[in-house]
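Peer 1: Structure: query-v6.tsv, TSV, C-alpha atoms.
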```
chain	number	residue	atom	x	y	z
A	1251	VAL	CA	131.67	85.00	106.16
A	1252	ASN	CA	134.86	84.90	108.19
A	1253	ALA	CA	134.58	88.30	109.91
A	1254	TRP	CA	131.94	90.94	110.63
A	1255	LEU	CA	133.21	94.41	111.44
A	1256	PRO	CA	133.13	95.97	113.97
A	1257	CYS	CA	131.47	93.19	115.99
A	1258	SER	CA	134.16	90.51	115.68
A	1259	ASN	CA	136.69	89.66	118.35
A	1260	ILE	CA	140.43	90.03	117.81
A	1261	ALA	CA	140.94	86.38	116.91
A	1262	THR	CA	138.32	86.64	114.17
A	1263	LEU	CA	139.65	89.96	112.89
A	1264	LYS	CA	143.01	88.32	112.26
A	1265	ASN	CA	141.31	86.21	109.60
A	1266	ALA	CA	139.69	89.22	107.85
A	1267	PRO	CA	142.46	89.52	105.20
A	1268	ARG	CA	141.73	85.94	104.10
A	1269	ALA	CA	138.37	86.99	102.62
A	1270	GLU	CA	137.93	86.84	98.86
A	1271	LEU	CA	135.51	89.77	98.93
A	1272	ASN	CA	134.68	92.57	101.36
A	1273	ILE	CA	131.06	93.77	101.42
A	1274	VAL	CA	131.01	97.33	102.74
A	1275	LYS	CA	128.86	100.39	103.35
A	1276	ARG	CA	131.83	102.72	103.80
A	1277	VAL	CA	134.65	102.63	101.32
A	1278	ARG	CA	137.71	103.99	103.09
A	1279	TRP	CA	138.74	100.93	105.10
A	1280	ALA	CA	137.85	98.64	102.18
A	1281	GLN	CA	140.20	100.61	99.93
A	1282	CYS	CA	142.94	100.25	102.53
A	1283	MET	CA	142.41	96.48	102.69
A	1284	LYS	CA	142.48	96.27	98.91
A	1285	GLU	CA	145.76	98.19	98.79
A	1286	LYS	CA	147.34	96.13	101.57
A	1287	PHE	CA	145.89	92.65	100.97
A	1288	GLY	CA	144.49	92.81	97.44
A	1289	THR	CA	140.93	92.05	98.60
A	1290	ASP	CA	138.26	93.30	96.22
A	1291	TYR	CA	135.11	94.91	97.67
A	1292	LEU	CA	131.45	95.55	96.87
A	1293	ILE	CA	129.50	98.53	98.23
A	1294	ALA	CA	126.16	97.45	99.69
A	1295	ASP	CA	123.32	99.94	99.20
A	1296	PRO	CA	120.17	98.44	100.82
A	1297	SER	CA	118.35	101.79	100.93
A	1298	ASP	CA	118.51	102.44	97.19
A	1299	ARG	CA	120.26	100.34	94.54
A	1300	HIS	CA	119.94	97.06	96.46
A	1301	ALA	CA	116.46	97.75	97.86
A	1302	GLY	CA	113.55	95.34	97.42
A	1303	LEU	CA	113.46	92.01	95.62
A	1304	ASP	CA	115.02	93.37	92.43
A	1305	GLY	CA	117.78	95.05	94.45
A	1306	ILE	CA	118.54	91.91	96.46
A	1307	GLY	CA	118.84	89.97	93.21
A	1308	MET	CA	121.21	92.60	91.85
A	1309	PHE	CA	123.25	92.40	95.07
A	1310	TYR	CA	123.73	88.64	94.77
A	1311	ARG	CA	124.51	88.86	91.05
A	1312	GLU	CA	127.21	91.45	91.76
A	1313	ILE	CA	128.70	89.17	94.43
A	1314	ALA	CA	128.62	86.27	91.99
A	1315	GLU	CA	130.35	88.33	89.32
A	1316	LYS	CA	133.11	89.29	91.75
A	1317	LEU	CA	133.62	85.63	92.76
A	1318	GLY	CA	133.24	84.08	89.31
A	1319	LEU	CA	129.92	82.37	90.12
A	1320	SER	CA	127.62	84.15	87.67
A	1321	ASP	CA	126.75	80.97	85.78
A	1322	VAL	CA	124.97	79.43	88.80
A	1323	MET	CA	123.58	82.51	90.52
A	1324	ASP	CA	120.56	83.13	88.26
A	1325	GLU	CA	119.22	79.65	88.93
A	1326	LEU	CA	119.66	80.08	92.69
A	1327	ILE	CA	117.89	83.45	92.64
A	1328	ASP	CA	114.96	82.05	90.60
A	1329	GLU	CA	114.58	79.24	93.13
A	1330	LYS	CA	114.49	81.72	96.00
A	1331	LEU	CA	111.94	83.93	94.24
A	1332	ARG	CA	109.59	81.01	93.62
A	1333	ALA	CA	109.68	80.15	97.33
A	1334	ILE	CA	109.09	83.80	98.30
A	1335	ASP	CA	106.17	84.23	95.88
A	1336	ALA	CA	104.42	81.25	97.44
A	1337	GLU	CA	104.53	82.86	100.89
A	1338	THR	CA	104.13	86.56	100.08
A	1339	GLY	CA	101.09	86.09	97.83
A	1340	ARG	CA	98.84	85.37	100.80
A	1341	MET	CA	100.41	88.08	102.97
A	1342	THR	CA	100.11	90.71	100.23
A	1343	HIS	CA	96.36	90.10	99.98
A	1344	GLU	CA	95.98	90.49	103.76
A	1345	ILE	CA	98.14	93.64	103.87
A	1346	SER	CA	96.11	95.26	101.09
A	1347	GLN	CA	92.95	95.09	103.22
A	1348	TYR	CA	94.24	97.87	105.51
A	1349	ARG	CA	93.84	101.50	104.41
A	1350	CYS	CA	96.97	103.40	105.38
A	1351	LEU	CA	98.24	106.95	105.72
A	1352	LEU	CA	101.90	106.96	104.69
A	1353	VAL	CA	104.16	109.48	106.46
A	1354	CYS	CA	107.49	110.38	104.82
A	1355	ASN	CA	110.06	112.33	106.83
A	1356	SER	CA	111.50	114.28	103.89
A	1357	ILE	CA	110.78	115.20	100.28
A	1358	SER	CA	113.81	113.28	99.05
A	1359	SER	CA	112.77	110.01	100.72
A	1360	ALA	CA	109.13	110.12	99.60
A	1361	PRO	CA	109.41	108.57	96.09
A	1362	GLY	CA	111.38	105.60	97.41
A	1363	SER	CA	109.00	105.13	100.33
A	1364	ILE	CA	105.94	105.13	98.07
A	1365	LYS	CA	107.53	102.57	95.74
A	1366	ARG	CA	108.80	100.39	98.58
A	1367	TYR	CA	105.58	100.19	100.59
A	1368	VAL	CA	103.30	99.65	97.60
A	1369	ARG	CA	105.39	97.61	95.18
A	1370	GLU	CA	107.29	95.50	97.69
A	1371	PHE	CA	104.65	95.00	100.38
A	1372	GLY	CA	101.32	95.68	98.69
A	1373	LEU	CA	100.34	98.44	101.11
A	1374	ASN	CA	97.02	100.14	100.38
A	1375	ILE	CA	97.98	103.82	100.64
A	1376	ALA	CA	95.00	106.13	100.91
A	1377	ALA	CA	96.94	109.37	101.52
A	1378	ILE	CA	100.50	110.63	101.98
A	1379	CYS	CA	101.92	113.17	104.43
A	1380	ILE	CA	105.39	114.56	103.74
A	1381	GLU	CA	107.27	116.31	106.53
A	1382	ARG	CA	109.95	118.58	105.16
A	1383	GLY	CA	113.25	118.86	106.98
A	1384	ASP	CA	114.75	122.12	108.26
A	1385	ALA	CA	116.80	122.55	105.08
A	1386	ASP	CA	113.68	122.13	102.91
A	1387	ARG	CA	111.62	124.57	104.93
A	1388	ALA	CA	114.37	127.17	105.00
A	1389	GLU	CA	114.73	126.88	101.21
A	1390	VAL	CA	118.39	125.95	101.55
A	1391	ILE	CA	117.90	123.32	98.84
A	1392	PRO	CA	117.99	124.99	95.38
A	1393	SER	CA	114.53	125.53	93.93
A	1394	GLU	CA	115.27	123.50	90.78
A	1395	VAL	CA	116.34	120.51	92.90
A	1396	ASN	CA	113.23	120.87	95.05
A	1397	GLU	CA	110.99	121.02	91.97
A	1398	GLY	CA	112.67	117.90	90.61
A	1399	LEU	CA	111.99	116.04	93.86
A	1400	LEU	CA	108.33	117.10	93.83
A	1401	THR	CA	108.04	115.82	90.26
A	1402	ARG	CA	109.51	112.46	91.33
A	1403	ILE	CA	106.93	112.26	94.13
A	1404	SER	CA	104.09	112.93	91.69
A	1405	ASP	CA	105.47	110.37	89.24
A	1406	ALA	CA	105.85	107.70	91.94
A	1407	ALA	CA	102.33	108.35	93.24
A	1408	ALA	CA	100.90	108.19	89.72
A	1409	VAL	CA	102.46	104.76	89.17
A	1410	TYR	CA	101.98	103.13	92.57
A	1411	ALA	CA	99.17	105.04	94.29
A	1412	PRO	CA	97.16	107.09	91.77
A	1413	ASP	CA	94.40	109.48	92.73
A	1414	ILE	CA	95.50	109.88	96.33
A	1415	ARG	CA	95.89	113.06	98.33
A	1416	ILE	CA	99.45	114.25	99.06
A	1417	VAL	CA	99.94	116.88	101.77
A	1418	ILE	CA	103.28	118.56	102.51
A	1419	ASP	CA	103.88	119.85	106.04
A	1420	PRO	CA	100.33	119.11	107.22
A	1421	ASP	CA	98.94	120.87	110.26
A	1422	ASP	CA	96.86	119.15	112.92
A	1423	SER	CA	93.54	119.79	111.21
A	1424	GLU	CA	94.77	118.35	107.91
A	1425	VAL	CA	96.02	115.17	109.58
A	1426	GLU	CA	92.75	114.80	111.46
A	1427	SER	CA	90.96	115.01	108.11
A	1428	LEU	CA	93.30	112.50	106.45
A	1429	VAL	CA	92.98	109.83	109.15
A	1430	LYS	CA	89.21	109.58	108.73
A	1431	GLY	CA	88.57	106.12	107.32
A	1432	ILE	CA	92.22	105.14	107.84
A	1433	ASP	CA	93.11	101.90	109.63
A	1434	VAL	CA	96.73	102.71	110.44
A	1435	ILE	CA	99.43	105.37	110.05
A	1436	VAL	CA	102.65	103.94	108.61
A	1437	GLY	CA	106.18	105.31	108.34
A	1438	SER	CA	106.57	107.77	111.22
A	1439	ASP	CA	108.64	107.22	114.35
A	1440	LYS	CA	107.05	110.24	116.08
A	1441	PRO	CA	104.79	109.28	119.00
A	1442	ILE	CA	102.75	112.43	118.44
A	1443	TYR	CA	100.85	110.69	115.63
A	1444	GLU	CA	99.20	108.60	118.33
A	1445	LYS	CA	97.14	111.68	119.28
A	1446	TYR	CA	94.94	111.33	116.21
A	1447	GLY	CA	93.34	108.16	117.55
A	1448	THR	CA	94.72	105.89	114.83
A	1449	ALA	CA	97.22	103.07	115.28
A	1450	VAL	CA	100.79	103.91	114.26
A	1451	ILE	CA	103.39	101.57	112.75
A	1452	PRO	CA	106.89	103.12	112.78
A	1453	SER	CA	109.27	102.90	109.82
A	1454	SER	CA	111.67	100.86	111.95
A	1455	VAL	CA	109.35	97.85	111.49
A	1456	LEU	CA	110.77	97.41	107.98
A	1457	ASN	CA	114.50	96.85	108.05
A	1458	PHE	CA	116.50	97.33	104.89
A	1459	SER	CA	117.23	93.81	103.64
A	1460	LEU	CA	120.20	92.34	101.81
A	1461	SER	CA	118.92	88.77	101.90
A	1462	TYR	CA	115.69	87.06	100.92
A	1463	GLU	CA	115.30	85.70	104.45
A	1464	SER	CA	115.49	89.21	105.92
A	1465	TYR	CA	113.00	90.43	103.30
A	1466	LEU	CA	110.51	87.76	104.36
A	1467	ARG	CA	110.98	88.65	108.03
A	1468	SER	CA	110.11	92.28	107.24
A	1469	TYR	CA	107.04	91.12	105.33
A	1470	ARG	CA	105.83	88.99	108.26
A	1471	ARG	CA	106.61	91.76	110.75
A	1472	LEU	CA	104.57	94.33	108.79
A	1473	LEU	CA	101.56	92.01	108.53
A	1474	ASN	CA	101.79	91.14	112.20
A	1475	CYS	CA	101.90	94.84	113.15
A	1476	LEU	CA	98.86	95.57	110.97
A	1477	ILE	CA	96.88	92.73	112.55
A	1478	LYS	CA	97.79	93.78	116.10
A	1479	ALA	CA	97.74	97.55	115.54
A	1480	SER	CA	95.89	99.53	118.20
A	1481	SER	CA	95.62	103.21	119.06
A	1482	HIS	CA	96.88	104.70	122.32
A	1483	LYS	CA	94.66	107.63	123.18
A	1484	ASP	CA	95.65	107.54	126.84
A	1485	LEU	CA	99.27	108.67	126.34
A	1486	ILE	CA	100.38	111.61	128.48
A	1487	LEU	CA	101.57	113.49	125.41
A	1488	ASN	CA	97.96	113.60	124.20
A	1489	ARG	CA	97.15	115.87	127.16
A	1490	MET	CA	99.97	118.32	126.48
A	1491	PRO	CA	100.05	121.23	124.01
A	1492	PHE	CA	102.13	119.49	121.36
A	1493	THR	CA	101.50	120.21	117.70
A	1494	LEU	CA	102.77	118.32	114.70
A	1495	SER	CA	104.97	121.22	113.60
A	1496	SER	CA	106.47	121.87	117.04
A	1497	TYR	CA	106.97	118.35	118.42
A	1498	PRO	CA	108.98	117.49	120.53
A	1499	ARG	CA	108.81	121.08	121.83
A	1500	LEU	CA	105.71	122.27	123.64
A	1501	GLU	CA	103.91	124.82	121.51
A	1502	THR	CA	104.06	127.87	123.76
A	1503	ARG	CA	104.41	131.52	122.88
A	1504	SER	CA	108.06	131.69	123.93
A	1505	SER	CA	109.07	128.41	122.23
A	1506	HIS	CA	107.40	129.51	119.00
A	1507	ALA	CA	109.24	132.85	119.07
A	1508	ALA	CA	112.54	131.08	119.74
A	1509	ARG	CA	111.91	128.74	116.81
A	1510	VAL	CA	111.19	131.60	114.42
A	1511	MET	CA	114.33	133.41	115.55
A	1512	TRP	CA	116.44	130.29	115.10
A	1513	GLU	CA	115.15	129.75	111.57
A	1514	GLU	CA	115.84	133.35	110.62
A	1515	MET	CA	119.35	133.43	112.09
A	1516	TRP	CA	120.63	129.91	111.44
A	1517	LEU	CA	118.81	128.15	108.63
A	1518	LYS	CA	118.89	131.14	106.32
A	1519	ARG	CA	122.47	132.17	107.10
A	1520	GLY	CA	124.51	133.18	104.10
A	1521	ARG	CA	121.58	133.40	101.68
A	1522	ASP	CA	121.91	137.18	101.32
A	1523	GLN	CA	125.64	137.10	100.69
```
With the file now loaded, output its structure as structure tokens.
Peer 2:
Amino acid sequence: VNAWLPCSNIATLKNAPRAELNIVKRVRWAQCMKEKFGTDYLIADPSDRHAGLDGIGMFYREIAEKLGLSDVMDELIDEKLRAIDAETGRMTHEISQYRCLLVCNSISSAPGSIKRYVREFGLNIAAICIERGDADRAEVIPSEVNEGLLTRISDAAAVYAPDIRIVIDPDDSEVESLVKGIDVIVGSDKPIYEKYGTAVIPSSVLNFSLSYESYLRSYRRLLNCLIKASSHKDLILNRMPFTLSSYPRLETRSSHAARVMWEEMWLKRGRDQ
């Protein structure tokens, strides 16, 4: 790697055109460099196509194809996978001992989250909460698209976590019921989940990885968080009238009325036209 944008200094940036391949997340500047310098590029997609062990392998094979190294890449990948299997086997067994409530922050992200946590990290998911976004709740997303997403969630759960309870937009009482017998809540960055008296591990613990080393670091970090997980019942927010549906707004009569008005006027704009 001869340059990393946008973190490189000017001296390093001057060498950027000497690269044989640009690995990018946004295409526009890569297209400009290809037009000006003839440098080919590869779009990295760690959240979807290049996610997990299979995705990382695909990522390296695509790099090898671009650089004419395909004949040696498969052997290198197999060597890496053997080393990873030796370390993750033990960690997967330890991770599976913890019963978890998985929280997904949208309908669209839920199938990928279920697959990632179970298939890649061996998480023992006992139940799933799905928080719909404003567009979902306001029915801005076409019904046929929404139904397709719900089908994908059911299919993913059937493969990776069968016979579990899935709750969409749970209220406080439903979450309190779900966390009974749960060791940890995984996947939410909202502090309000601390109020249920169960340890919370945010989604930020698991970085999207484009290397086997980064993948292993995420594995170790998840196991370490599970081992050290502890609840925080003494947080100030636990003494305030927050609810899961209103957070981070206090659930008062006026704030609730303002929220309803906003949804009617803004989220549903244009639907009657």
Peer 1: Need to verify the contact set: Val1353 (chain A), 12 Å, all atoms listed in the file, exclusion of same-chain residues closer than 4 positions in sequence. Can you return it as an NGL selection string?
Peer 2: :A and (1357 or 1359-1361 or 1363-1364 or 1367 or 1375-1382 or 1416-1420 or 1425 or 1428-1429 or 1434-1440 or 1443 or 1450-1453)
Peer 1: CA of His1482 (chain A) and CA of Thr1448 (chain A) are how many Å apart?
Peer 2: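 Separation between CA of His1482 (chain A) and CA of Thr1448 (chain A): 7.9 Å.
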Peer 1: Env of Leu1400 (chain A): 9 Å cut, atoms = only C-alpha atoms, seq-sep filter 3 positions within chain, self excluded. Answer as a PyMOL selection string.
Peer 2: chain A and resi 1357-1358+1361+1395-1397+1403-1405
Peer 1: One number please: CA of Glu1285 (chain A) to CA of Pro1267 (chain A), in Å, one decimal.
Peer 2: 11.3 Å
Peer 1: Counting all atoms listed in the file, which of A:Ala1294, A:Leu1399, A:Ile1260, A:Val1455 gets nearest to Arg1467 (chain A)?
Peer 2: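 Of the candidates, the smallest distance to Arg1467 (chain A) is held by A:Val1455.
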Peer 1: Closest to Ile1442 (chain A) among A:Glu1315, A:Asp1422, A:Glu1370, A:Glu1514, using all atoms listed in the file?
Peer 2: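 Looking at the shortest contact to Ile1442 (chain A), the residue is A:Asp1422.
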